$ cat coords.pdb   # PDB, C-alpha atoms
ATOM      1  CA  MET A 959    -156.864 102.261 -10.976
ATOM      2  CA  SER A 960    -159.646 101.098 -13.310
ATOM      3  CA  ILE A 961    -163.319 101.217 -12.308
ATOM      4  CA  GLU A 962    -165.229  97.971 -12.702
ATOM      5  CA  PRO A 963    -168.509  98.395 -14.634
ATOM      6  CA  ALA A 964    -171.872  97.487 -13.093
ATOM      7  CA  PRO A 965    -173.057  93.918 -13.911
ATOM      8  CA  ASP A 966    -175.315  93.560 -16.941
ATOM      9  CA  ASP A 967    -177.473  90.746 -18.358
ATOM     10  CA  VAL A 968    -174.517  88.706 -19.683
ATOM     11  CA  ASP A 969    -172.667  89.092 -16.367
ATOM     12  CA  ARG A 970    -175.733  87.796 -14.540
ATOM     13  CA  LEU A 971    -176.019  84.875 -16.953
ATOM     14  CA  PHE A 972    -172.398  83.940 -16.426
ATOM     15  CA  ALA A 973    -172.895  84.169 -12.683
ATOM     16  CA  ARG A 974    -175.177  81.162 -13.194
ATOM     17  CA  LEU A 975    -172.439  79.237 -14.968
ATOM     18  CA  GLU A 976    -171.820  76.333 -12.630
ATOM     19  CA  ARG A 977    -168.353  75.517 -11.447
ATOM     20  CA  VAL A 978    -167.088  72.163 -12.609
ATOM     21  CA  GLU A 979    -165.767  70.111  -9.722
ATOM     22  CA  PRO A 980    -162.199  68.997 -10.394
ATOM     23  CA  PRO A 981    -161.639  65.234 -10.120
ATOM     24  CA  PRO A 982    -161.427  64.394  -6.395
ATOM     25  CA  ASP A 983    -157.901  63.038  -6.732
ATOM     26  CA  LEU A 984    -156.529  65.888  -8.836
ATOM     27  CA  GLN A 985    -154.799  67.741  -5.979
ATOM     28  CA  ALA A 986    -153.253  64.502  -4.784
ATOM     29  CA  ARG A 987    -152.040  63.695  -8.289
ATOM     30  CA  ILE A 988    -150.511  67.154  -8.628
ATOM     31  CA  LEU A 989    -148.659  66.886  -5.320
ATOM     32  CA  GLU A 990    -147.556  63.329  -5.997
ATOM     33  CA  THR A 991    -146.210  64.233  -9.432
ATOM     34  CA  ILE A 992    -144.326  67.221  -8.060
ATOM     35  CA  ALA A 993    -142.922  65.241  -5.138
ATOM     36  CA  ALA A 994    -141.831  62.419  -7.470
ATOM     37  CA  ARG A 995    -140.158  64.871  -9.845
ATOM     38  CA  ALA A 996    -138.398  66.654  -6.999
ATOM     39  CA  ARG A 997    -137.130  63.333  -5.650
ATOM     40  CA  ALA A 998    -135.956  62.265  -9.103
ATOM     41  CA  ARG A 999    -134.143  65.572  -9.654
ATOM     42  CA  ARG A1000    -132.379  65.351  -6.308
ATOM     43  CA  ARG A1001    -131.427  61.747  -7.017
ATOM     44  CA  ILE A1002    -130.021  62.705 -10.423
ATOM     45  CA  GLY A1003    -128.197  65.599  -8.748
ATOM     46  CA  ARG A1004    -126.584  63.215  -6.246
ATOM     47  CA  ILE A1005    -125.670  60.785  -9.022
ATOM     48  CA  ILE A1006    -124.022  63.561 -11.046
ATOM     49  CA  LEU A1007    -122.097  65.166  -8.180
ATOM     50  CA  ALA A1008    -119.836  62.215  -7.370
ATOM     51  CA  PRO A1009    -118.435  61.614 -10.899
ATOM     52  CA  ALA A1010    -118.144  65.381 -11.384
ATOM     53  CA  LEU A1011    -115.921  65.673  -8.328
ATOM     54  CA  VAL A1012    -113.841  62.660  -9.414
ATOM     55  CA  LEU A1013    -113.502  64.138 -12.911
ATOM     56  CA  ILE A1014    -112.357  67.509 -11.577
ATOM     57  CA  ALA A1015    -109.893  66.011  -9.082
ATOM     58  CA  THR A1016    -108.390  63.490 -11.517
ATOM     59  CA  PHE A1017    -107.973  65.791 -14.484
ATOM     60  CA  SER A1018    -106.793  68.733 -12.385
ATOM     61  CA  PHE A1019    -104.030  66.478 -11.059
ATOM     62  CA  LEU A1020    -103.181  65.164 -14.544
ATOM     63  CA  ALA A1021    -103.265  68.659 -16.042
ATOM     64  CA  GLY A1022    -100.943  69.939 -13.318
ATOM     65  CA  ARG A1023     -98.546  67.067 -13.864
ATOM     66  CA  GLN A1024     -98.510  67.617 -17.621
ATOM     67  CA  LEU A1025     -98.011  71.363 -17.226
ATOM     68  CA  SER A1026     -95.047  70.645 -15.019
ATOM     69  CA  ALA A1027     -93.584  68.012 -17.366
ATOM     70  CA  SER A1028     -94.062  70.020 -20.536
ATOM     71  CA  GLY A1029     -92.201  73.061 -19.308
ATOM     72  CA  ALA A1030     -95.303  75.239 -19.149
ATOM     73  CA  LEU A1031     -94.456  76.260 -15.600
ATOM     74  CA  VAL A1032     -91.010  77.383 -16.724
ATOM     75  CA  LEU A1033     -92.620  79.494 -19.441
ATOM     76  CA  ALA A1034     -95.105  80.944 -16.926
ATOM     77  CA  ASP A1035     -92.242  81.799 -14.587
ATOM     78  CA  ALA A1036     -90.272  83.417 -17.422
ATOM     79  CA  VAL A1037     -93.268  85.530 -18.418
ATOM     80  CA  ARG A1038     -93.912  86.499 -14.810
ATOM     81  CA  THR A1039     -90.333  87.633 -14.183
ATOM     82  CA  ASP A1040     -89.717  89.230 -17.589
ATOM     83  CA  LEU A1041     -92.734  90.981 -19.064
ATOM     84  CA  ASP A1042     -90.543  92.377 -21.836
ATOM     85  CA  LEU A1043     -90.534  88.868 -23.268
ATOM     86  CA  VAL A1044     -94.272  89.144 -23.910
ATOM     87  CA  LEU A1045     -93.903  92.612 -25.386
ATOM     88  CA  ALA A1046     -91.008  91.562 -27.621
ATOM     89  CA  ALA A1047     -92.577  88.384 -29.005
ATOM     90  CA  PRO A1048     -96.281  88.255 -28.078
ATOM     91  CA  VAL A1049     -97.205  85.840 -30.864
ATOM     92  CA  ASP A1050     -94.443  83.399 -29.934
ATOM     93  CA  VAL A1051     -95.460  83.474 -26.284
ATOM     94  CA  ALA A1052     -99.122  82.941 -27.198
ATOM     95  CA  LEU A1053     -98.305  80.028 -29.523
ATOM     96  CA  ALA A1054     -96.045  78.451 -26.915
ATOM     97  CA  THR A1055     -98.779  78.805 -24.293
ATOM     98  CA  ILE A1056    -101.397  77.274 -26.600
ATOM     99  CA  ASP A1057     -98.966  74.483 -27.409
ATOM    100  CA  LEU A1058     -98.160  73.690 -23.795
ATOM    101  CA  ILE A1059    -101.628  73.701 -22.303
ATOM    102  CA  PRO A1060    -103.076  70.155 -22.015
ATOM    103  CA  TRP A1061    -106.386  71.051 -23.639
ATOM    104  CA  ALA A1062    -107.974  67.632 -23.273
ATOM    105  CA  HIS A1063    -107.390  67.725 -19.523
ATOM    106  CA  VAL A1064    -108.567  71.319 -19.242
ATOM    107  CA  GLY A1065    -111.673  70.378 -21.192
ATOM    108  CA  ALA A1066    -112.340  67.467 -18.862
ATOM    109  CA  VAL A1067    -111.988  69.756 -15.827
ATOM    110  CA  ALA A1068    -114.360  72.278 -17.437
ATOM    111  CA  LEU A1069    -116.852  69.491 -18.104
ATOM    112  CA  GLY A1070    -116.544  68.413 -14.466
ATOM    113  CA  ILE A1071    -117.241  71.974 -13.310
ATOM    114  CA  LEU A1072    -120.309  72.169 -15.547
ATOM    115  CA  LEU A1073    -121.578  68.841 -14.216
ATOM    116  CA  LEU A1074    -120.907  70.001 -10.661
ATOM    117  CA  ALA A1075    -122.907  73.175 -11.258
ATOM    118  CA  TYR A1076    -125.768  71.267 -12.886
ATOM    119  CA  GLY A1077    -125.844  68.559 -10.216
ATOM    120  CA  GLY A1078    -125.660  71.217  -7.522
ATOM    121  CA  SER A1079    -128.580  73.117  -9.035
ATOM    122  CA  LEU A1080    -130.640  69.907  -9.068
ATOM    123  CA  MET A1081    -129.715  69.215  -5.458
ATOM    124  CA  LEU A1082    -130.771  72.738  -4.485
ATOM    125  CA  GLN A1083    -134.243  72.406  -6.048
ATOM    126  CA  PRO A1084    -136.969  73.153  -3.516
ATOM    127  CA  ASP A1085    -137.895  70.247  -1.310
ATOM    128  CA  ALA A1086    -141.326  68.727  -1.863
ATOM    129  CA  ARG A1087    -142.393  67.222   1.437
ATOM    130  CA  PHE A1088    -146.147  67.624   1.374
ATOM    131  CA  ARG A1089    -148.140  67.090   4.522
ATOM    132  CA  ALA A1090    -151.037  65.656   2.550
ATOM    133  CA  LEU A1091    -148.771  62.935   1.143
ATOM    134  CA  ASP A1092    -147.292  62.115   4.531
ATOM    135  CA  ARG A1093    -150.719  61.535   6.030
ATOM    136  CA  ASP A1094    -151.460  57.822   6.302
ATOM    137  CA  GLY A1095    -148.452  57.096   4.130
ATOM    138  CA  GLY A1096    -149.821  58.910   1.093
ATOM    139  CA  TRP A1097    -153.013  59.724  -0.729
ATOM    140  CA  PRO A1098    -155.512  57.028  -1.575
TER     141      PRO A1098
ATOM    142  CA  MET B 955    -152.928  83.086  11.278
ATOM    143  CA  GLU B 956    -154.077  79.795   9.674
ATOM    144  CA  ARG B 957    -152.148  78.843   6.546
ATOM    145  CA  GLY B 958    -155.402  78.843   4.566
ATOM    146  CA  GLN B 959    -156.036  82.484   5.453
ATOM    147  CA  LEU B 960    -152.640  83.775   4.392
ATOM    148  CA  PRO B 961    -152.547  85.851   1.203
ATOM    149  CA  ASP B 962    -151.003  84.285  -1.897
ATOM    150  CA  GLN B 963    -147.976  86.570  -1.694
ATOM    151  CA  GLU B 964    -147.157  85.354   1.797
ATOM    152  CA  LEU B 965    -147.615  81.692   0.802
ATOM    153  CA  VAL B 966    -145.289  82.135  -2.175
ATOM    154  CA  ARG B 967    -142.747  83.877   0.073
ATOM    155  CA  ARG B 968    -142.882  80.977   2.545
ATOM    156  CA  PHE B 969    -142.584  78.446  -0.265
ATOM    157  CA  ARG B 970    -139.533  80.284  -1.614
ATOM    158  CA  ASP B 971    -138.086  80.049   1.900
ATOM    159  CA  GLY B 972    -138.444  76.265   1.745
ATOM    160  CA  ASP B 973    -141.885  75.664   3.266
ATOM    161  CA  SER B 974    -143.490  72.989   1.049
ATOM    162  CA  THR B 975    -146.764  73.131   2.941
ATOM    163  CA  ALA B 976    -147.218  76.721   1.735
ATOM    164  CA  PHE B 977    -147.107  75.368  -1.806
ATOM    165  CA  GLU B 978    -149.650  72.769  -0.797
ATOM    166  CA  ALA B 979    -151.959  75.555   0.388
ATOM    167  CA  LEU B 980    -151.574  77.318  -2.976
ATOM    168  CA  VAL B 981    -152.543  74.104  -4.789
ATOM    169  CA  GLU B 982    -155.544  73.657  -2.525
ATOM    170  CA  ARG B 983    -156.657  77.251  -3.024
ATOM    171  CA  HIS B 984    -156.287  77.526  -6.789
ATOM    172  CA  THR B 985    -156.890  74.039  -8.233
ATOM    173  CA  ALA B 986    -160.628  74.582  -8.787
ATOM    174  CA  THR B 987    -160.124  77.960 -10.490
ATOM    175  CA  ILE B 988    -157.385  76.703 -12.788
ATOM    176  CA  PHE B 989    -159.336  73.541 -13.590
ATOM    177  CA  ASN B 990    -162.502  75.509 -14.386
ATOM    178  CA  PHE B 991    -160.600  77.942 -16.562
ATOM    179  CA  ALA B 992    -158.968  75.033 -18.422
ATOM    180  CA  VAL B 993    -162.114  72.922 -18.770
ATOM    181  CA  HIS B 994    -164.061  75.813 -20.313
ATOM    182  CA  LEU B 995    -161.153  76.794 -22.548
ATOM    183  CA  LEU B 996    -160.306  73.270 -23.687
ATOM    184  CA  GLY B 997    -163.736  71.693 -23.395
ATOM    185  CA  ASP B 998    -162.322  68.427 -22.126
ATOM    186  CA  PRO B 999    -162.058  67.488 -18.424
ATOM    187  CA  ALA B1000    -159.139  65.093 -18.970
ATOM    188  CA  ASP B1001    -157.137  67.733 -20.833
ATOM    189  CA  ALA B1002    -158.129  70.282 -18.201
ATOM    190  CA  SER B1003    -156.734  67.988 -15.487
ATOM    191  CA  ASP B1004    -153.488  67.694 -17.443
ATOM    192  CA  ALA B1005    -153.272  71.442 -17.933
ATOM    193  CA  THR B1006    -153.949  72.037 -14.228
ATOM    194  CA  GLN B1007    -151.254  69.550 -13.261
ATOM    195  CA  GLN B1008    -148.735  71.090 -15.669
ATOM    196  CA  THR B1009    -149.570  74.546 -14.340
ATOM    197  CA  PHE B1010    -148.676  73.615 -10.768
ATOM    198  CA  ILE B1011    -145.574  71.709 -11.839
ATOM    199  CA  GLN B1012    -144.419  74.878 -13.561
ATOM    200  CA  LEU B1013    -145.368  76.964 -10.524
ATOM    201  CA  PHE B1014    -143.258  74.696  -8.334
ATOM    202  CA  ALA B1015    -140.281  75.050 -10.664
ATOM    203  CA  SER B1016    -140.534  78.763 -11.298
ATOM    204  CA  ALA B1017    -142.115  80.382  -8.256
ATOM    205  CA  ARG B1018    -138.839  82.243  -7.770
ATOM    206  CA  GLY B1019    -139.491  83.975 -11.089
ATOM    207  CA  TRP B1020    -142.699  85.593  -9.867
ATOM    208  CA  ARG B1021    -142.440  89.340  -9.308
ATOM    209  CA  GLN B1022    -143.925  90.228  -5.928
ATOM    210  CA  ASP B1023    -145.613  93.326  -7.391
ATOM    211  CA  ALA B1024    -147.523  91.292 -10.029
ATOM    212  CA  PRO B1025    -150.938  89.837  -9.094
ATOM    213  CA  PHE B1026    -150.320  86.181  -8.285
ATOM    214  CA  ARG B1027    -153.622  84.829  -9.585
ATOM    215  CA  ALA B1028    -153.133  86.596 -12.932
ATOM    216  CA  TRP B1029    -149.626  85.148 -13.161
ATOM    217  CA  LEU B1030    -150.870  81.651 -12.349
ATOM    218  CA  LEU B1031    -153.684  81.915 -14.899
ATOM    219  CA  ARG B1032    -151.133  83.062 -17.440
ATOM    220  CA  ILE B1033    -149.191  79.848 -16.851
ATOM    221  CA  ALA B1034    -152.450  77.868 -17.118
ATOM    222  CA  ARG B1035    -153.328  79.612 -20.364
ATOM    223  CA  ASN B1036    -149.925  78.754 -21.841
ATOM    224  CA  LYS B1037    -150.333  75.123 -20.801
ATOM    225  CA  CYS B1038    -153.799  75.046 -22.415
ATOM    226  CA  ILE B1039    -152.355  76.482 -25.617
ATOM    227  CA  ASP B1040    -149.649  73.797 -25.566
ATOM    228  CA  LEU B1041    -152.358  71.139 -25.290
ATOM    229  CA  LEU B1042    -154.402  72.747 -28.060
ATOM    230  CA  ARG B1043    -151.359  72.808 -30.337
ATOM    231  CA  ARG B1044    -150.916  69.088 -29.774
ATOM    232  CA  ARG B1045    -154.460  68.366 -30.920
ATOM    233  CA  ARG B1046    -154.729  71.193 -33.447
ATOM    234  CA  ALA B1047    -156.622  69.122 -36.010
ATOM    235  CA  VAL B1048    -159.674  68.733 -33.758
ATOM    236  CA  PRO B1049    -162.135  71.674 -33.644
ATOM    237  CA  MET B1050    -162.783  72.943 -30.106
ATOM    238  CA  SER B1051    -166.565  72.889 -30.468
ATOM    239  CA  GLU B1052    -166.666  69.164 -31.234
ATOM    240  CA  LEU B1053    -165.014  68.325 -27.970
ATOM    241  CA  THR B1054    -167.695  69.758 -25.710
ATOM    242  CA  ARG B1055    -170.810  68.379 -27.318
ATOM    243  CA  GLY B1056    -172.623  65.197 -26.335
ATOM    244  CA  GLU B1057    -171.775  63.347 -23.174
ATOM    245  CA  GLU B1058    -168.901  65.674 -22.292
ATOM    246  CA  ALA B1059    -171.397  68.453 -21.686
ATOM    247  CA  ALA B1060    -173.066  66.394 -18.997
ATOM    248  CA  ASP B1061    -169.842  66.624 -16.970
ATOM    249  CA  LEU B1062    -170.351  70.364 -16.727
ATOM    250  CA  ASP B1063    -173.546  70.008 -14.735
ATOM    251  CA  PRO B1064    -172.884  68.980 -11.179
ATOM    252  CA  ALA B1065    -175.854  67.699  -9.207
ATOM    253  CA  ASP B1066    -177.833  69.945  -6.877
ATOM    254  CA  ALA B1067    -179.780  68.940  -3.757
ATOM    255  CA  ASP B1068    -183.108  67.486  -4.922
ATOM    256  CA  PRO B1069    -183.950  69.766  -7.850
ATOM    257  CA  LEU B1070    -187.166  69.219  -9.808
ATOM    258  CA  PRO B1071    -186.816  67.419 -13.153
ATOM    259  CA  GLU B1072    -187.702  70.611 -15.077
ATOM    260  CA  GLU B1073    -185.125  72.540 -13.084
ATOM    261  CA  ILE B1074    -182.509  69.936 -13.844
ATOM    262  CA  TYR B1075    -183.331  70.111 -17.519
ATOM    263  CA  GLU B1076    -183.372  73.919 -17.623
ATOM    264  CA  ARG B1077    -180.140  74.181 -15.740
ATOM    265  CA  ALA B1078    -178.442  71.619 -17.938
ATOM    266  CA  GLU B1079    -179.719  73.402 -21.020
ATOM    267  CA  LEU B1080    -178.418  76.732 -19.765
ATOM    268  CA  GLN B1081    -175.009  75.273 -18.922
ATOM    269  CA  GLN B1082    -174.737  73.714 -22.363
ATOM    270  CA  ALA B1083    -175.869  76.925 -24.049
ATOM    271  CA  ILE B1084    -173.284  78.974 -22.153
ATOM    272  CA  GLN B1085    -170.555  76.472 -22.947
ATOM    273  CA  ALA B1086    -171.561  76.447 -26.618
ATOM    274  CA  ALA B1087    -171.515  80.243 -26.667
ATOM    275  CA  ILE B1088    -168.050  80.239 -25.064
ATOM    276  CA  ASP B1089    -166.823  77.726 -27.647
ATOM    277  CA  ALA B1090    -168.165  79.882 -30.461
ATOM    278  CA  LEU B1091    -166.038  82.861 -29.382
ATOM    279  CA  PRO B1092    -162.742  83.579 -31.141
ATOM    280  CA  PHE B1093    -159.926  82.144 -29.039
ATOM    281  CA  ARG B1094    -158.526  85.451 -27.760
ATOM    282  CA  ASN B1095    -162.012  86.679 -26.779
ATOM    283  CA  ARG B1096    -162.701  83.357 -25.072
ATOM    284  CA  GLU B1097    -159.547  83.731 -22.994
ATOM    285  CA  VAL B1098    -160.579  87.207 -21.875
ATOM    286  CA  VAL B1099    -164.100  86.056 -20.976
ATOM    287  CA  LEU B1100    -162.863  83.056 -18.984
ATOM    288  CA  LEU B1101    -160.156  84.995 -17.167
ATOM    289  CA  ARG B1102    -162.744  87.593 -16.249
ATOM    290  CA  TYR B1103    -165.652  85.355 -15.275
ATOM    291  CA  LEU B1104    -163.968  82.190 -14.046
ATOM    292  CA  GLY B1105    -160.615  83.611 -12.984
ATOM    293  CA  GLY B1106    -162.306  86.570 -11.323
ATOM    294  CA  LEU B1107    -159.605  88.911 -12.642
ATOM    295  CA  THR B1108    -159.883  92.660 -13.055
ATOM    296  CA  PHE B1109    -159.266  94.083 -16.528
ATOM    297  CA  ALA B1110    -155.809  95.171 -15.408
ATOM    298  CA  GLU B1111    -155.070  91.603 -14.307
ATOM    299  CA  VAL B1112    -156.529  90.127 -17.514
ATOM    300  CA  ALA B1113    -154.252  92.457 -19.458
ATOM    301  CA  GLU B1114    -151.260  91.433 -17.323
ATOM    302  CA  SER B1115    -152.134  87.783 -17.752
ATOM    303  CA  LEU B1116    -152.382  87.975 -21.545
ATOM    304  CA  GLY B1117    -149.593  90.503 -22.002
ATOM    305  CA  ILE B1118    -151.883  93.017 -23.731
ATOM    306  CA  PRO B1119    -152.885  96.620 -22.894
ATOM    307  CA  GLU B1120    -155.809  97.003 -20.493
ATOM    308  CA  ASN B1121    -157.919  98.841 -23.068
ATOM    309  CA  THR B1122    -157.417  95.988 -25.526
ATOM    310  CA  ALA B1123    -158.651  93.553 -22.867
ATOM    311  CA  LYS B1124    -161.733  95.728 -22.336
ATOM    312  CA  THR B1125    -162.397  95.951 -26.064
ATOM    313  CA  LEU B1126    -162.067  92.199 -26.550
ATOM    314  CA  PHE B1127    -164.369  91.632 -23.596
ATOM    315  CA  GLN B1128    -167.033  94.009 -24.940
ATOM    316  CA  ARG B1129    -166.819  92.384 -28.362
ATOM    317  CA  ALA B1130    -167.173  88.944 -26.768
ATOM    318  CA  LYS B1131    -170.121  90.145 -24.731
ATOM    319  CA  SER B1132    -171.948  91.372 -27.821
ATOM    320  CA  GLN B1133    -171.534  87.948 -29.384
ATOM    321  CA  LEU B1134    -172.582  86.191 -26.159
ATOM    322  CA  ARG B1135    -175.625  88.435 -25.911
ATOM    323  CA  ARG B1136    -176.683  87.398 -29.412
ATOM    324  CA  GLU B1137    -176.010  83.708 -28.785
ATOM    325  CA  LEU B1138    -177.700  83.605 -25.392
ATOM    326  CA  GLY B1139    -180.570  85.969 -26.165
ATOM    327  CA  ARG B1140    -183.324  83.563 -25.168
ATOM    328  CA  TYR B1141    -181.809  82.803 -21.763
ATOM    329  CA  ARG B1142    -181.449  86.387 -20.553
TER     330      ARG B1142
END

$ encode --input "coords.pdb" --output "structure tokens"
Amino acid sequence: MSIEPAPDDVDRLFARLERVEPPPDLQARILETIAARARARRRIGRIILAPALVLIATFSFLAGRQLSASGALVLADAVRTDLDLVLAAPVDVALATIDLIPWAHVGAVALGILLLAYGGSLMLQPDARFRALDRDGGWP
Amino acid sequence: MERGQLPDQELVRRFRDGDSTAFEALVERHTATIFNFAVHLLGDPADASDATQQTFIQLFASARGWRQDAPFRAWLLRIARNKCIDLLRRRRAVPMSELTRGEEAADLDPADADPLPEEIYERAELQQAIQAAIDALPFRNREVVLLRYLGGLTFAEVAESLGIPENTAKTLFQRAKSQLRRELGRYR
């Protein structure tokens, strides 16, 4: 722990430095700005969540349907039941997998998940209900 | 215990737990200190108001990032300092000293209860001289002086706030004091 030195002439001079009063409405402006930003963030979060959920649901369904139609599920089943297939022709299996995956749909689902996470994080921002702003319906 | 009497750590903990009024108490407690630090660093009350506002906006957004073992006031003043530097960068072309001269300096002299005219003049002169001496300091030294005198920080806290070793903070402070002593010789 450091020891504070005894005050000297400059310390005493600075003790006479007068405090500047902040503008009387500064605290109110700070709280109002923060409350407005928090509200805006939550609103944006709500706006983002709905399309994100629709995006995930729609493209998950479409991706599943395409996987089923393209024979990807058959390939997955073959790999699951016969691992030797992967060991015998790993490159072919990888290429077939890459070929069969509906990347556009997977990308859309990934985008939906990212939006969901972002919107959720905005929704979970701390609430800004300030007593001073509630009083008399807000600051003057 | 009244909310106003709770230590900063407890208020931050309550705010993190979702109590907005604890944040309100932090704003109430620290606005004057942050504003004074900013107004003496920037030399402009309007910019100081902006910096103070930005400081609390950042506090609201990042209070979770505060380490409980770090001194809160030093951490808050560190945010304020960064906001002041952001503002200074935006108006880099304008010398600091020019901003505090003239009518701006009058804002630094709040009224007292019925002082004599000579007292008013002397006090105003002293305030202007101190502000001019602060402005004349190199920026890093000015930060140390303001954190120490206006922020009321210990050297360890000044060091924490500026991200420098404690001995460096002490050295900068002593160097600043020598310059202040020269500049303010006639007022001592």

$ resolve_selection --input "coords.pdb" --expression "the PyMOL selection byres ((chain A and resi 989) around 9)" --output "list in words"
Leu984, Gln985, Ala986, Arg987, Ile988, Glu990, Thr991, Ile992, Ala993, Ala994, Ala1086, Phe1088, Ala1090 and Leu1091 of chain A; Glu978, Val981, Gln1007, Phe1010 and Ile1011 of chain B

$ closest_atom_pairs --input "coords.pdb" --of "chain B" --to "chain A" --cutoff "9 Å" --atoms "all atoms listed in the file" --output "tab-separated table"
residue	atom	partner	partner_atom	distance
B:Phe969	CA	A:Pro1084	CA	8.4
B:Arg970	CA	A:Pro1084	CA	7.8
B:Asp971	CA	A:Pro1084	CA	8.8
B:Gly972	CA	A:Pro1084	CA	6.3
B:Asp973	CA	A:Asp1085	CA	8.1
B:Ser974	CA	A:Ala1086	CA	5.6
B:Thr975	CA	A:Phe1088	CA	5.8
B:Phe977	CA	A:Phe1088	CA	8.4
B:Glu978	CA	A:Phe1088	CA	6.6
B:Val981	CA	A:Gln985	CA	6.9
B:Glu982	CA	A:Gln985	CA	6.9
B:Thr985	CA	A:Gln985	CA	7.0
B:Ala986	CA	A:Pro980	CA	6.0
B:Thr987	CA	A:Arg977	CA	8.6
B:Phe989	CA	A:Pro980	CA	6.2
B:Asn990	CA	A:Val978	CA	5.9
B:Val993	CA	A:Val978	CA	8.0
B:Pro999	CA	A:Pro980	CA	8.2
B:Ala1002	CA	A:Pro980	CA	8.9
B:Ser1003	CA	A:Leu984	CA	7.0
B:Thr1006	CA	A:Ile988	CA	8.2
B:Gln1007	CA	A:Ile988	CA	5.3
B:Gln1008	CA	A:Ile988	CA	8.3
B:Phe1010	CA	A:Ile988	CA	7.0
B:Ile1011	CA	A:Ile992	CA	6.0
B:Phe1014	CA	A:Ile992	CA	7.6
B:Ala1015	CA	A:Gln1083	CA	8.0
B:Asp1061	CA	A:Val978	CA	7.6
B:Leu1062	CA	A:Val978	CA	5.6
B:Asp1063	CA	A:Glu976	CA	6.9
B:Pro1064	CA	A:Val978	CA	6.8
B:Arg1077	CA	A:Arg974	CA	8.9
B:Leu1080	CA	A:Leu975	CA	8.1
B:Gln1081	CA	A:Leu975	CA	6.2
B:Ile1084	CA	A:Leu975	CA	7.2
B:Gln1085	CA	A:Leu975	CA	8.7
B:Tyr1103	CA	A:Phe972	CA	7.0
B:Leu1104	CA	A:Arg977	CA	8.4
B:Thr1108	CA	A:Glu962	CA	7.5
B:Phe1109	CA	A:Ser960	CA	7.7
B:Ala1110	CA	A:Ser960	CA	7.4
B:Lys1131	CA	A:Val968	CA	6.8
B:Ser1132	CA	A:Val968	CA	8.9
B:Leu1134	CA	A:Val968	CA	7.2
B:Arg1135	CA	A:Val968	CA	6.3
B:Leu1138	CA	A:Val968	CA	8.3
B:Tyr1141	CA	A:Leu971	CA	7.8
B:Arg1142	CA	A:Asp967	CA	6.3

$ residues_around --input "coords.pdb" --residues "range 1019-1026 of chain B" --least-positions-apart "2" --cutoff "8 Å" --atoms "all atoms listed in the file" --output "tab-separated table (two decimals) with C-alpha atoms, in the frame of the given file"
chain	number	residue	atom	x	y	z
B	962	ASP	CA	-151.00	84.28	-1.90
B	963	GLN	CA	-147.98	86.57	-1.69
B	1016	SER	CA	-140.53	78.76	-11.30
B	1017	ALA	CA	-142.12	80.38	-8.26
B	1028	ALA	CA	-153.13	86.60	-12.93
B	1029	TRP	CA	-149.63	85.15	-13.16
B	1030	LEU	CA	-150.87	81.65	-12.35
B	1111	GLU	CA	-155.07	91.60	-14.31

$ atom_distance --input "coords.pdb" --atom1 "CA of Leu1043 in chain A" --atom2 "CA of Ser1028 in chain A"
19.4 Å

$ atom_distance --input "coords.pdb" --atom1 "CA of Val1098 in chain B" --atom2 "CA of Ala1123 in chain B"
6.7 Å

$ atom_distance --input "coords.pdb" --atom1 "CA of Ala1030 in chain A" --atom2 "CA of Leu1045 in chain A"
18.5 Å

$ residues_around --input "coords.pdb" --residues "range 1051-1065 of chain A" --least-positions-apart "3" --cutoff "8 Å" --atoms "only C-alpha atoms" --output "list in words"
Phe1017, Ser1018, Leu1020, Ala1021, Gln1024, Leu1025, Ser1028, Gly1029, Ala1030, Leu1033, Leu1043, Val1044, Ala1047, Pro1048, Ala1068 and Leu1069 of chain A

$ resolve_selection --input "coords.pdb" --expression "the PyMOL selection byres ((chain A and resi 1073-1076) around 9)" --output "number ranges by chain"
A: 1003, 1006-1011, 1014, 1068-1072, 1077-1081

$ residues_around --input "coords.pdb" --residues "Ile1033 in chain B" --least-positions-apart "5" --cutoff "10 Å" --atoms "only C-alpha atoms" --output "PyMOL selection string"
chain B and resi 988+1005-1006+1008-1010+1012-1013+1027-1028+1038-1039+1115-1116

$ write_last_selection --input "coords.pdb" --atoms "C-alpha atoms" --output "JSON list (two decimals), keeping the file's coordinate frame"
[["chain", "number", "residue", "atom", "x", "y", "z"],
["B", 988, "ILE", "CA", -157.38, 76.70, -12.79],
["B", 1005, "ALA", "CA", -153.27, 71.44, -17.93],
["B", 1006, "THR", "CA", -153.95, 72.04, -14.23],
["B", 1008, "GLN", "CA", -148.74, 71.09, -15.67],
["B", 1009, "THR", "CA", -149.57, 74.55, -14.34],
["B", 1010, "PHE", "CA", -148.68, 73.61, -10.77],
["B", 1012, "GLN", "CA", -144.42, 74.88, -13.56],
["B", 1013, "LEU", "CA", -145.37, 76.96, -10.52],
["B", 1027, "ARG", "CA", -153.62, 84.83, -9.59],
["B", 1028, "ALA", "CA", -153.13, 86.60, -12.93],
["B", 1038, "CYS", "CA", -153.80, 75.05, -22.42],
["B", 1039, "ILE", "CA", -152.35, 76.48, -25.62],
["B", 1115, "SER", "CA", -152.13, 87.78, -17.75],
["B", 1116, "LEU", "CA", -152.38, 87.98, -21.54]]

$ closest_residue --input "coords.pdb" --among "B:Arg1035, B:His994, B:Arg968, B:Arg1094" --to "Ala1130 in chain B" --atoms "only C-alpha atoms"
B:Arg1094

$ decode --input "coords.pdb" --residues "range 1039-1047 of chain A" --atoms "C-alpha atoms" --output "mmCIF file, in the first residue's frame"
data_model
loop_
_atom_site.group_PDB
_atom_site.id
_atom_site.type_symbol
_atom_site.label_atom_id
_atom_site.label_comp_id
_atom_site.auth_asym_id
_atom_site.auth_seq_id
_atom_site.Cartn_x
_atom_site.Cartn_y
_atom_site.Cartn_z
ATOM 1 C CA THR A 1039 -24.279 -48.515 -41.322
ATOM 2 C CA ASP A 1040 -21.034 -49.098 -43.235
ATOM 3 C CA LEU A 1041 -18.086 -47.087 -41.964
ATOM 4 C CA ASP A 1042 -15.786 -49.039 -44.273
ATOM 5 C CA LEU A 1043 -17.314 -47.031 -47.100
ATOM 6 C CA VAL A 1044 -15.789 -43.865 -45.648
ATOM 7 C CA LEU A 1045 -12.446 -45.560 -45.103
ATOM 8 C CA ALA A 1046 -12.401 -47.027 -48.614
ATOM 9 C CA ALA A 1047 -13.346 -43.854 -50.489
#
